[in-house]
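For reference, start15.pdb (PDB, C-alpha atoms):
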```
ATOM      1  CA  MET A 156      75.740 127.304 185.119
ATOM      2  CA  ASN A 157      75.800 124.021 183.308
ATOM      3  CA  GLN A 158      78.196 123.852 180.389
ATOM      4  CA  PRO A 159      76.993 121.945 177.322
ATOM      5  CA  SER A 160      78.900 118.738 176.973
ATOM      6  CA  LEU A 161      80.593 117.910 173.687
ATOM      7  CA  THR A 162      80.481 114.313 172.639
ATOM      8  CA  LEU A 163      83.416 113.298 170.451
ATOM      9  CA  PRO A 164      82.905 110.389 168.096
ATOM     10  CA  THR A 165      84.614 107.239 169.166
ATOM     11  CA  MET A 166      86.958 105.325 166.916
ATOM     12  CA  GLU A 167      84.145 102.904 166.198
ATOM     13  CA  HIS A 168      81.857 105.574 164.824
ATOM     14  CA  ALA A 169      84.636 107.468 163.078
ATOM     15  CA  ALA A 170      85.810 104.368 161.248
ATOM     16  CA  MET A 171      82.314 103.425 160.119
ATOM     17  CA  PRO A 172      81.871 104.532 156.478
ATOM     18  CA  ASP A 173      78.592 105.820 155.185
ATOM     19  CA  ASP A 174      76.471 103.001 153.789
ATOM     20  CA  ASP A 175      75.811 104.774 150.480
ATOM     21  CA  VAL A 176      79.497 105.528 149.924
ATOM     22  CA  ALA A 177      80.439 101.959 150.763
ATOM     23  CA  VAL A 178      78.132 100.733 147.990
ATOM     24  CA  VAL A 179      78.759 103.400 145.313
ATOM     25  CA  VAL A 180      82.586 103.534 145.341
ATOM     26  CA  PRO A 181      83.244  99.834 144.641
ATOM     27  CA  ARG A 182      80.598  99.852 141.910
ATOM     28  CA  ALA A 183      82.213 102.872 140.241
ATOM     29  CA  LEU A 184      85.600 101.232 140.482
ATOM     30  CA  ARG A 185      84.217  98.063 138.933
ATOM     31  CA  TRP A 186      82.732 100.031 136.044
ATOM     32  CA  ARG A 187      85.981 101.903 135.501
ATOM     33  CA  SER A 188      88.034  98.714 135.611
ATOM     34  CA  GLY A 189      85.624  97.037 133.211
ATOM     35  CA  LEU A 190      85.860  99.893 130.724
ATOM     36  CA  VAL A 191      89.641  99.893 130.896
ATOM     37  CA  LEU A 192      89.789  96.133 130.354
ATOM     38  CA  ALA A 193      87.333  96.327 127.457
ATOM     39  CA  PHE A 194      89.351  99.077 125.797
ATOM     40  CA  ALA A 195      92.601  97.151 126.334
ATOM     41  CA  PHE A 196      90.976  94.036 124.856
ATOM     42  CA  LEU A 197      89.856  95.946 121.752
ATOM     43  CA  VAL A 198      93.350  97.414 121.292
ATOM     44  CA  MET A 199      94.837  93.929 121.679
ATOM     45  CA  LEU A 200      92.517  92.580 118.984
ATOM     46  CA  LEU A 201      93.404  95.500 116.732
ATOM     47  CA  PHE A 202      97.127  94.704 117.020
ATOM     48  CA  LEU A 203      96.771  90.930 116.827
ATOM     49  CA  PHE A 204      94.447  90.832 113.823
ATOM     50  CA  PRO A 205      97.209  91.439 111.212
ATOM     51  CA  VAL A 206      99.246  88.624 112.762
ATOM     52  CA  PHE A 207      96.200  86.346 112.757
ATOM     53  CA  TRP A 208      95.451  87.265 109.138
ATOM     54  CA  SER A 209      99.021  86.519 108.039
ATOM     55  CA  ILE A 210      98.986  83.109 109.718
ATOM     56  CA  VAL A 211      95.590  82.164 108.265
ATOM     57  CA  THR A 212      96.487  83.395 104.764
ATOM     58  CA  SER A 213      99.735  81.428 104.811
ATOM     59  CA  PHE A 214      97.721  78.190 105.015
ATOM     60  CA  LYS A 215      95.386  79.063 102.139
ATOM     61  CA  PRO A 216      95.847  77.590  98.656
ATOM     62  CA  ALA A 217      97.559  79.979  96.257
ATOM     63  CA  ALA A 218      94.310  80.869  94.453
ATOM     64  CA  GLU A 219      92.490  81.705  97.699
ATOM     65  CA  ALA A 220      95.407  83.671  99.098
ATOM     66  CA  SER A 221      95.315  86.015  96.098
ATOM     67  CA  ALA A 222      91.505  86.069  95.715
ATOM     68  CA  SER A 223      89.653  89.383  95.622
ATOM     69  CA  PRO A 224      87.607  89.864  97.714
ATOM     70  CA  PRO A 225      89.582  87.735 100.179
ATOM     71  CA  THR A 226      88.087  84.790 102.008
ATOM     72  CA  PHE A 227      88.223  84.913 105.783
ATOM     73  CA  TRP A 228      88.921  81.221 106.363
ATOM     74  CA  PRO A 229      90.605  78.770 103.944
ATOM     75  CA  SER A 230      88.408  76.137 102.334
ATOM     76  CA  ARG A 231      91.195  73.652 103.109
ATOM     77  CA  MET A 232      94.473  73.896 104.974
ATOM     78  CA  SER A 233      97.423  73.824 102.593
ATOM     79  CA  LEU A 234     101.208  73.841 103.041
ATOM     80  CA  GLN A 235     101.782  74.828  99.422
ATOM     81  CA  ASN A 236     103.036  78.314 100.295
ATOM     82  CA  TYR A 237     105.543  76.970 102.839
ATOM     83  CA  GLU A 238     106.790  74.328 100.387
ATOM     84  CA  GLU A 239     107.309  76.945  97.672
ATOM     85  CA  LEU A 240     109.137  79.218 100.113
ATOM     86  CA  LEU A 241     111.231  76.325 101.427
ATOM     87  CA  HIS A 242     112.697  75.595  97.983
ATOM     88  CA  PHE A 243     112.973  79.165  96.727
ATOM     89  CA  GLY A 244     116.468  80.192  95.602
ATOM     90  CA  ALA A 245     119.154  78.654  97.789
ATOM     91  CA  GLY A 246     116.523  77.352 100.202
ATOM     92  CA  LEU A 247     114.761  78.853 103.187
ATOM     93  CA  TRP A 248     117.200  77.367 105.701
ATOM     94  CA  ARG A 249     120.091  79.170 104.028
ATOM     95  CA  TYR A 250     118.399  82.544 104.372
ATOM     96  CA  LEU A 251     117.343  81.826 107.939
ATOM     97  CA  TRP A 252     120.975  81.021 108.745
ATOM     98  CA  ASN A 253     122.126  84.280 107.159
ATOM     99  CA  SER A 254     119.606  86.308 109.161
ATOM    100  CA  THR A 255     120.535  84.478 112.368
ATOM    101  CA  CYS A 256     124.257  85.128 111.854
ATOM    102  CA  VAL A 257     123.717  88.822 111.141
ATOM    103  CA  ALA A 258     121.364  89.211 114.111
ATOM    104  CA  LEU A 259     123.702  87.441 116.553
ATOM    105  CA  MET A 260     126.730  89.431 115.395
ATOM    106  CA  THR A 261     124.721  92.636 115.764
ATOM    107  CA  VAL A 262     123.532  91.715 119.259
ATOM    108  CA  ALA A 263     127.050  90.767 120.393
ATOM    109  CA  GLY A 264     128.610  93.966 119.053
ATOM    110  CA  VAL A 265     125.877  96.246 120.379
ATOM    111  CA  VAL A 266     125.842  94.702 123.864
ATOM    112  CA  VAL A 267     129.621  94.800 124.338
ATOM    113  CA  LEU A 268     130.118  98.310 122.987
ATOM    114  CA  SER A 269     127.032  99.839 124.624
ATOM    115  CA  VAL A 270     127.876  98.351 128.028
ATOM    116  CA  LEU A 271     131.421  99.720 127.896
ATOM    117  CA  GLY A 272     130.294 103.050 126.467
ATOM    118  CA  GLY A 273     127.390 103.460 128.878
ATOM    119  CA  TYR A 274     129.592 102.554 131.843
ATOM    120  CA  GLY A 275     132.234 105.055 130.751
ATOM    121  CA  PHE A 276     129.747 107.903 130.328
ATOM    122  CA  SER A 277     128.101 107.079 133.642
ATOM    123  CA  ARG A 278     131.084 106.544 135.919
ATOM    124  CA  PHE A 279     134.158 108.292 134.499
ATOM    125  CA  ARG A 280     135.054 111.943 134.184
ATOM    126  CA  PHE A 281     136.907 113.143 131.101
ATOM    127  CA  PRO A 282     137.104 116.374 129.095
ATOM    128  CA  TYR A 283     134.062 117.295 126.987
ATOM    129  CA  LYS A 284     132.123 114.339 128.345
ATOM    130  CA  LYS A 285     128.690 115.955 127.942
ATOM    131  CA  LEU A 286     129.554 117.295 124.493
ATOM    132  CA  ILE A 287     130.695 113.883 123.269
ATOM    133  CA  PHE A 288     127.562 112.264 124.681
ATOM    134  CA  MET A 289     125.348 114.818 122.936
ATOM    135  CA  LEU A 290     127.186 114.174 119.666
ATOM    136  CA  VAL A 291     126.560 110.438 120.088
ATOM    137  CA  LEU A 292     122.846 111.102 120.593
ATOM    138  CA  ALA A 293     122.771 113.554 117.678
ATOM    139  CA  THR A 294     123.663 110.749 115.266
ATOM    140  CA  MET A 295     120.202 109.269 115.915
ATOM    141  CA  MET A 296     118.729 112.227 114.011
ATOM    142  CA  ILE A 297     120.568 111.253 110.816
ATOM    143  CA  PRO A 298     118.356 109.015 108.632
ATOM    144  CA  PHE A 299     120.441 106.065 107.527
ATOM    145  CA  GLN A 300     118.879 106.220 104.050
ATOM    146  CA  SER A 301     120.720 109.491 103.451
ATOM    147  CA  ILE A 302     124.174 107.963 103.967
ATOM    148  CA  LEU A 303     123.736 104.634 102.212
ATOM    149  CA  THR A 304     125.943 105.719  99.308
ATOM    150  CA  PRO A 305     128.919 106.713 101.540
ATOM    151  CA  LEU A 306     128.435 103.489 103.496
ATOM    152  CA  PHE A 307     128.493 101.467 100.289
ATOM    153  CA  ILE A 308     131.739 103.176  99.201
ATOM    154  CA  LEU A 309     133.325 102.719 102.631
ATOM    155  CA  LEU A 310     132.441  99.026 102.891
ATOM    156  CA  ASN A 311     133.665  98.459  99.342
ATOM    157  CA  PHE A 312     136.982 100.115 100.264
ATOM    158  CA  LEU A 313     137.286  97.897 103.371
ATOM    159  CA  HIS A 314     136.399  94.781 101.318
ATOM    160  CA  LEU A 315     133.309  94.266 103.484
ATOM    161  CA  HIS A 316     130.785  94.867 100.742
ATOM    162  CA  ASN A 317     128.535  91.873 100.067
ATOM    163  CA  THR A 318     129.476  90.221 103.371
ATOM    164  CA  LEU A 319     127.328  89.379 106.372
ATOM    165  CA  GLY A 320     129.959  90.855 108.681
ATOM    166  CA  GLY A 321     129.823  94.199 106.883
ATOM    167  CA  LEU A 322     126.033  94.210 107.112
ATOM    168  CA  ALA A 323     126.196  93.494 110.843
ATOM    169  CA  LEU A 324     128.746  96.293 111.263
ATOM    170  CA  VAL A 325     126.305  98.776 109.712
ATOM    171  CA  TYR A 326     123.505  97.614 112.007
ATOM    172  CA  ILE A 327     125.780  97.942 115.037
ATOM    173  CA  THR A 328     126.709 101.483 114.037
ATOM    174  CA  PHE A 329     123.117 102.648 113.753
ATOM    175  CA  GLN A 330     121.967 100.855 116.913
ATOM    176  CA  LEU A 331     124.787 102.068 119.186
ATOM    177  CA  PRO A 332     123.592 105.636 120.015
ATOM    178  CA  PHE A 333     120.283 104.479 121.452
ATOM    179  CA  SER A 334     121.927 101.526 123.203
ATOM    180  CA  ILE A 335     124.614 103.700 124.821
ATOM    181  CA  PHE A 336     121.905 106.076 126.004
ATOM    182  CA  MET A 337     119.946 103.195 127.562
ATOM    183  CA  MET A 338     122.981 101.673 129.256
ATOM    184  CA  ARG A 339     124.224 104.988 130.621
ATOM    185  CA  ASN A 340     120.842 105.585 132.249
ATOM    186  CA  SER A 341     120.810 102.027 133.606
ATOM    187  CA  PHE A 342     124.247 102.494 135.208
ATOM    188  CA  ASP A 343     123.186 105.878 136.600
ATOM    189  CA  CYS A 344     120.433 104.138 138.569
ATOM    190  CA  VAL A 345     122.981 101.952 140.423
ATOM    191  CA  PRO A 346     124.312 103.468 143.687
ATOM    192  CA  ARG A 347     128.019 104.227 143.610
ATOM    193  CA  GLU A 348     128.390 102.746 147.094
ATOM    194  CA  LEU A 349     128.215  99.261 145.575
ATOM    195  CA  GLU A 350     131.302  99.945 143.463
ATOM    196  CA  GLU A 351     133.099 101.494 146.410
ATOM    197  CA  ALA A 352     132.383  98.377 148.481
ATOM    198  CA  ALA A 353     133.656  96.189 145.626
ATOM    199  CA  THR A 354     136.820  98.299 145.402
ATOM    200  CA  LEU A 355     137.427  97.845 149.137
ATOM    201  CA  ASP A 356     137.111  94.093 148.610
ATOM    202  CA  GLY A 357     139.909  94.208 146.021
ATOM    203  CA  CYS A 358     138.015  94.517 142.725
ATOM    204  CA  ASN A 359     139.418  96.657 139.947
ATOM    205  CA  VAL A 360     137.283  98.528 137.429
ATOM    206  CA  LEU A 361     136.690  95.594 135.063
ATOM    207  CA  SER A 362     136.025  93.025 137.785
ATOM    208  CA  SER A 363     133.652  95.456 139.491
ATOM    209  CA  LEU A 364     131.817  95.932 136.207
ATOM    210  CA  TRP A 365     131.656  92.188 135.558
ATOM    211  CA  ARG A 366     130.793  90.934 139.057
ATOM    212  CA  VAL A 367     128.776  93.778 140.544
ATOM    213  CA  MET A 368     127.306  96.026 137.877
ATOM    214  CA  LEU A 369     126.312  93.654 135.090
ATOM    215  CA  PRO A 370     123.936  91.511 137.201
ATOM    216  CA  ILE A 371     122.176  94.680 138.373
ATOM    217  CA  VAL A 372     121.784  96.243 134.915
ATOM    218  CA  LYS A 373     120.706  92.959 133.299
ATOM    219  CA  PRO A 374     117.272  94.399 132.312
ATOM    220  CA  GLY A 375     118.987  97.196 130.390
ATOM    221  CA  ILE A 376     121.271  94.707 128.630
ATOM    222  CA  VAL A 377     118.284  92.564 127.627
ATOM    223  CA  THR A 378     116.498  95.667 126.318
ATOM    224  CA  VAL A 379     119.332  96.793 124.038
ATOM    225  CA  ALA A 380     119.903  93.183 122.924
ATOM    226  CA  LEU A 381     116.245  92.798 121.920
ATOM    227  CA  PHE A 382     116.230  96.096 120.061
ATOM    228  CA  ALA A 383     119.401  95.098 118.212
ATOM    229  CA  PHE A 384     117.999  91.673 117.336
ATOM    230  CA  PHE A 385     114.692  93.048 116.060
ATOM    231  CA  THR A 386     116.490  95.661 113.952
ATOM    232  CA  ALA A 387     118.899  93.182 112.359
ATOM    233  CA  TRP A 388     116.238  90.521 111.848
ATOM    234  CA  ASN A 389     113.631  92.745 110.176
ATOM    235  CA  GLU A 390     115.696  95.354 108.277
ATOM    236  CA  LEU A 391     115.350  95.310 104.484
ATOM    237  CA  LEU A 392     116.741  98.398 102.767
ATOM    238  CA  VAL A 393     120.377  98.223 103.921
ATOM    239  CA  ALA A 394     120.530  94.468 103.243
ATOM    240  CA  LEU A 395     118.994  95.011  99.801
ATOM    241  CA  VAL A 396     121.612  97.636  98.904
ATOM    242  CA  LEU A 397     124.731  96.107 100.455
ATOM    243  CA  ILE A 398     124.153  92.422  99.635
ATOM    244  CA  SER A 399     124.205  91.463  95.953
ATOM    245  CA  ASP A 400     124.986  87.740  96.232
ATOM    246  CA  ALA A 401     121.705  85.784  96.329
ATOM    247  CA  ASP A 402     123.235  83.127  98.603
ATOM    248  CA  LYS A 403     123.862  85.809 101.255
ATOM    249  CA  PHE A 404     120.367  87.302 101.283
ATOM    250  CA  THR A 405     118.687  87.707 104.644
ATOM    251  CA  LEU A 406     115.080  86.671 105.264
ATOM    252  CA  PRO A 407     113.496  90.099 104.473
ATOM    253  CA  VAL A 408     115.344  90.227 101.136
ATOM    254  CA  LEU A 409     114.141  86.693 100.402
ATOM    255  CA  LEU A 410     110.539  87.763 101.039
ATOM    256  CA  GLN A 411     110.932  90.768  98.778
ATOM    257  CA  SER A 412     112.223  88.489  96.021
ATOM    258  CA  ALA A 413     109.757  85.639  96.561
ATOM    259  CA  GLN A 414     106.594  87.735  96.588
ATOM    260  CA  SER A 415     106.801  88.637  92.875
ATOM    261  CA  GLN A 416     104.866  86.651  90.320
ATOM    262  CA  PHE A 417     104.578  86.686  86.554
ATOM    263  CA  MET A 418     103.500  90.056  85.068
ATOM    264  CA  GLY A 419     104.286  91.902  88.290
ATOM    265  CA  GLY A 420     101.672  90.206  90.479
ATOM    266  CA  VAL A 421     102.185  89.495  94.154
ATOM    267  CA  ASN A 422     102.262  85.981  95.557
ATOM    268  CA  TRP A 423     100.386  86.786  98.754
ATOM    269  CA  GLY A 424     100.425  83.233 100.071
ATOM    270  CA  VAL A 425     104.217  82.888  99.910
ATOM    271  CA  MET A 426     104.699  86.362 101.355
ATOM    272  CA  GLN A 427     102.397  85.673 104.291
ATOM    273  CA  ALA A 428     104.127  82.335 104.914
ATOM    274  CA  GLY A 429     107.463  84.149 105.090
ATOM    275  CA  ILE A 430     106.015  86.797 107.393
ATOM    276  CA  THR A 431     104.701  84.087 109.706
ATOM    277  CA  ILE A 432     108.123  82.441 109.866
ATOM    278  CA  SER A 433     109.874  85.762 110.500
ATOM    279  CA  ILE A 434     107.469  86.611 113.333
ATOM    280  CA  LEU A 435     108.159  83.454 115.342
ATOM    281  CA  PRO A 436     111.699  84.221 116.666
ATOM    282  CA  CYS A 437     110.804  87.808 117.590
ATOM    283  CA  ALA A 438     107.606  86.779 119.374
ATOM    284  CA  ALA A 439     109.336  83.940 121.226
ATOM    285  CA  LEU A 440     112.198  86.144 122.427
ATOM    286  CA  PHE A 441     109.865  88.916 123.525
ATOM    287  CA  LEU A 442     107.601  86.545 125.471
ATOM    288  CA  LEU A 443     110.586  84.917 127.181
ATOM    289  CA  LEU A 444     112.339  88.187 128.072
ATOM    290  CA  GLN A 445     109.447  90.639 128.431
ATOM    291  CA  ARG A 446     109.972  91.000 132.194
ATOM    292  CA  PHE A 447     113.562  92.172 131.720
ATOM    293  CA  TYR A 448     112.562  94.235 128.679
ATOM    294  CA  ILE A 449     109.920  96.240 130.550
ATOM    295  CA  ASN A 450     112.170  96.757 133.573
ATOM    296  CA  GLY A 451     114.982  97.899 131.291
ATOM    297  CA  LEU A 452     112.781 100.462 129.568
ATOM    298  CA  ILE A 453     111.583 101.807 132.924
ATOM    299  CA  ALA A 454     115.154 102.046 134.241
ATOM    300  CA  GLY A 455     116.298 103.752 131.055
ATOM    301  CA  ALA A 456     113.543 106.347 131.342
ATOM    302  CA  VAL A 457     114.239 107.348 134.953
ATOM    303  CA  LYS A 458     117.184 109.603 134.135
ATOM    304  CA  ALA A 459     117.957 111.536 131.008
TER     305      ALA A 459
END
```
Could you render the structure as structure tokens?
Amino acid sequence: MNQPSLTLPTMEHAAMPDDDVAVVVPRALRWRSGLVLAFAFLVMLLFLFPVFWSIVTSFKPAAEASASPPTFWPSRMSLQNYEELLHFGAGLWRYLWNSTCVALMTVAGVVVLSVLGGYGFSRFRFPYKKLIFMLVLATMMIPFQSILTPLFILLNFLHLHNTLGGLALVYITFQLPFSIFMMRNSFDCVPRELEEAATLDGCNVLSSLWRVMLPIVKPGIVTVALFAFFTAWNELLVALVLISDADKFTLPVLLQSAQSQFMGGVNWGVMQAGITISILPCAALFLLLQRFYINGLIAGAVKA
């Protein structure tokens, strides 16, 4: 009795895709990719339009900048708003210098303290370690507006009221919990075997941190540094309360003072010129360091 023979498909036939599937799948993927790109482009325009509007308005003459309804494009390009801002009060360069000093002091303090704190919470064992870490994180839930009065009294007692150093100290205090959290997670992502190998080569704790760990957690350091810089550069309320000397105003306080006109009006042209100037350092730093910034955020989100 003849047995029916079974013919198995060869690799050639098995690997051959169906013609319809081969045509439909790439087309669907192209449509999906196109929709995603179109949506991303619309979101990008939505976020960039306020920046574009501020830049364009800053070059309008004063009358056009405050016109209602507003004009989309200036009838002529004018530097009047920048000239008025440049000579306002003690001068724009003075306020830019104040903001730069406060921002750099904040970045330096936050980076040093968060690196040491994050490394300690990640690598060392000590009593009540988890409890202390949770208390550090709990301070992020306290709105700084609610403790401005005690801060004012404390800084006045320490003779740091109305000083740029005292202002930077406040910014460091409020930025540290998040920064320590980020750095602890960044150190947790580094294998302990690297430190053990460094110890066998004769490194102590500090040299191991400096030579081995810091180059690896550089994205996390850049992330906390950028957050600290943006906070110190753009913050208004604390600087407005703690700084009373006009020569020590930071750039946001200058903008708050320069925007007012006679009878309570708003000088929109000068304000938009100041906003444009304040945007430039933040945008430049982010564009230069965005690769480290994104990697640092991803590393900080891996472990909690």
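Comparing A:Ser223, A:Phe336, A:Ser254, A:Leu444 by their smallest distance to Ala293 (chain A), the closest is A:Phe336 (using all atoms listed in the file).
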For this session: Could you give me, as a PyMOL selection string, the residues within 9 Å of region 225-230 of chain A, counting only C-alpha atoms and dropping anything in the same chain fewer than 2 positions from it?
Result: chain A and resi 208+211-212+214-216+219-223+232-233
For this session: In Å, rounded to a single decimal, give me how far CA of Thr328 (chain A) is from CA of Val262 (chain A).
Result: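 Those two atoms sit 11.5 Å apart.
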Problem set entry | Among listed residues A:Phe447, A:Ser334, A:Ala401, A:Phe441, nearest Gly244 (chain A) (using all atoms listed in the file) | A:Ala401
Exercise. With distances taken over all atoms listed in the file, which of A:Ile308, A:Ile335, A:Leu381, A:Leu369 is nearest to Leu442 (chain A)?
Worked result: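 Answer, going by the shortest atom-to-atom distance: A:Leu381.
Of note, CA of Ala387 (chain A) and CA of Ala258 (chain A) are spaced 5.0 Å apart.
In this structure, CA of Cys437 (chain A) sits 15.1 Å away from CA of Trp252 (chain A).
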Problem set entry | Residues returned when the PyMOL selection byres ((chain A and resi 396) around 12) runs on this file, as a VMD selection string | chain A and resid 300 302 to 308 310 316 to 318 321 to 322 325 390 to 395 397 to 400 404 to 405 408
Problem set entry | Selected residue, from A:Met426, A:Val257, A:Leu286, A:Ile432, that lies nearest to Gln411 (chain A) when counting all atoms listed in the file | A:Met426
For this session: Give the answer as one residue: which of A:Leu197, A:Ala413, A:Leu443, A:Val425 has the shortest atom-to-atom distance to Ala218 (chain A), using all atoms listed in the file?
Result: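 For Ala218 (chain A), the nearest of the candidates is A:Val425.
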Problem set entry | Given the PyMOL selection byres ((chain A and resi 357-368) around 12), the residues it picks as a PyMOL selection string | chain A and resi 267+270-271+273-275+277-279+338-339+341-356+369-376
Grab the residues selected above and save them as a PDB file, in the frame of the given file with C-alpha atoms.
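Writing done, so here's part-v7.pdb:
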```pdb
ATOM      1  CA  VAL A 267     129.621  94.800 124.338  1.00  0.00           C
ATOM      2  CA  VAL A 270     127.876  98.351 128.028  1.00  0.00           C
ATOM      3  CA  LEU A 271     131.421  99.720 127.896  1.00  0.00           C
ATOM      4  CA  GLY A 273     127.390 103.460 128.878  1.00  0.00           C
ATOM      5  CA  TYR A 274     129.592 102.554 131.843  1.00  0.00           C
ATOM      6  CA  GLY A 275     132.234 105.055 130.751  1.00  0.00           C
ATOM      7  CA  SER A 277     128.101 107.079 133.642  1.00  0.00           C
ATOM      8  CA  ARG A 278     131.084 106.544 135.919  1.00  0.00           C
ATOM      9  CA  PHE A 279     134.158 108.292 134.499  1.00  0.00           C
ATOM     10  CA  MET A 338     122.981 101.673 129.256  1.00  0.00           C
ATOM     11  CA  ARG A 339     124.224 104.988 130.621  1.00  0.00           C
ATOM     12  CA  SER A 341     120.810 102.027 133.606  1.00  0.00           C
ATOM     13  CA  PHE A 342     124.247 102.494 135.208  1.00  0.00           C
ATOM     14  CA  ASP A 343     123.186 105.878 136.600  1.00  0.00           C
ATOM     15  CA  CYS A 344     120.433 104.138 138.569  1.00  0.00           C
ATOM     16  CA  VAL A 345     122.981 101.952 140.423  1.00  0.00           C
ATOM     17  CA  PRO A 346     124.312 103.468 143.687  1.00  0.00           C
ATOM     18  CA  ARG A 347     128.019 104.227 143.610  1.00  0.00           C
ATOM     19  CA  GLU A 348     128.390 102.746 147.094  1.00  0.00           C
ATOM     20  CA  LEU A 349     128.215  99.261 145.575  1.00  0.00           C
ATOM     21  CA  GLU A 350     131.302  99.945 143.463  1.00  0.00           C
ATOM     22  CA  GLU A 351     133.099 101.494 146.410  1.00  0.00           C
ATOM     23  CA  ALA A 352     132.383  98.377 148.481  1.00  0.00           C
ATOM     24  CA  ALA A 353     133.656  96.189 145.626  1.00  0.00           C
ATOM     25  CA  THR A 354     136.820  98.299 145.402  1.00  0.00           C
ATOM     26  CA  LEU A 355     137.427  97.845 149.137  1.00  0.00           C
ATOM     27  CA  ASP A 356     137.111  94.093 148.610  1.00  0.00           C
ATOM     28  CA  LEU A 369     126.312  93.654 135.090  1.00  0.00           C
ATOM     29  CA  PRO A 370     123.936  91.511 137.201  1.00  0.00           C
ATOM     30  CA  ILE A 371     122.176  94.680 138.373  1.00  0.00           C
ATOM     31  CA  VAL A 372     121.784  96.243 134.915  1.00  0.00           C
ATOM     32  CA  LYS A 373     120.706  92.959 133.299  1.00  0.00           C
ATOM     33  CA  PRO A 374     117.272  94.399 132.312  1.00  0.00           C
ATOM     34  CA  GLY A 375     118.987  97.196 130.390  1.00  0.00           C
ATOM     35  CA  ILE A 376     121.271  94.707 128.630  1.00  0.00           C
TER      36      ILE A 376
END
```
For this session: With a distance cut-off of 9 Å and all atoms listed in the file, select the neighbouring residues of Phe333 (chain A), excluding the residue or stretch itself and same-chain residues fewer than 5 positions from it, and output the selection as a VMD selection string.
Result: chain A and resid 269 291 to 292 295 338 379
Problem set entry | Selection result for the PyMOL selection byres ((chain A and resi 428) around 9) on this file, as a PyMOL selection string | chain A and resi 209-210+212-214+236-237+240+423-427+429-433
For this session: Would you please work out which residue, of A:Leu313, A:Leu290, A:Ile434, A:Ala263, is nearest to Pro407 (chain A) when using only C-alpha atoms?
Result: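 Comparing A:Leu313, A:Leu290, A:Ile434, A:Ala263 against Pro407 (chain A), the winner is A:Ile434.
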Exercise. If you count only C-alpha atoms, which residues fall within 7 Å of Leu251 (chain A), apart from same-chain ones fewer than 4 positions away, as a VMD selection string?
Worked result: chain A and resid 247 255 405 to 406
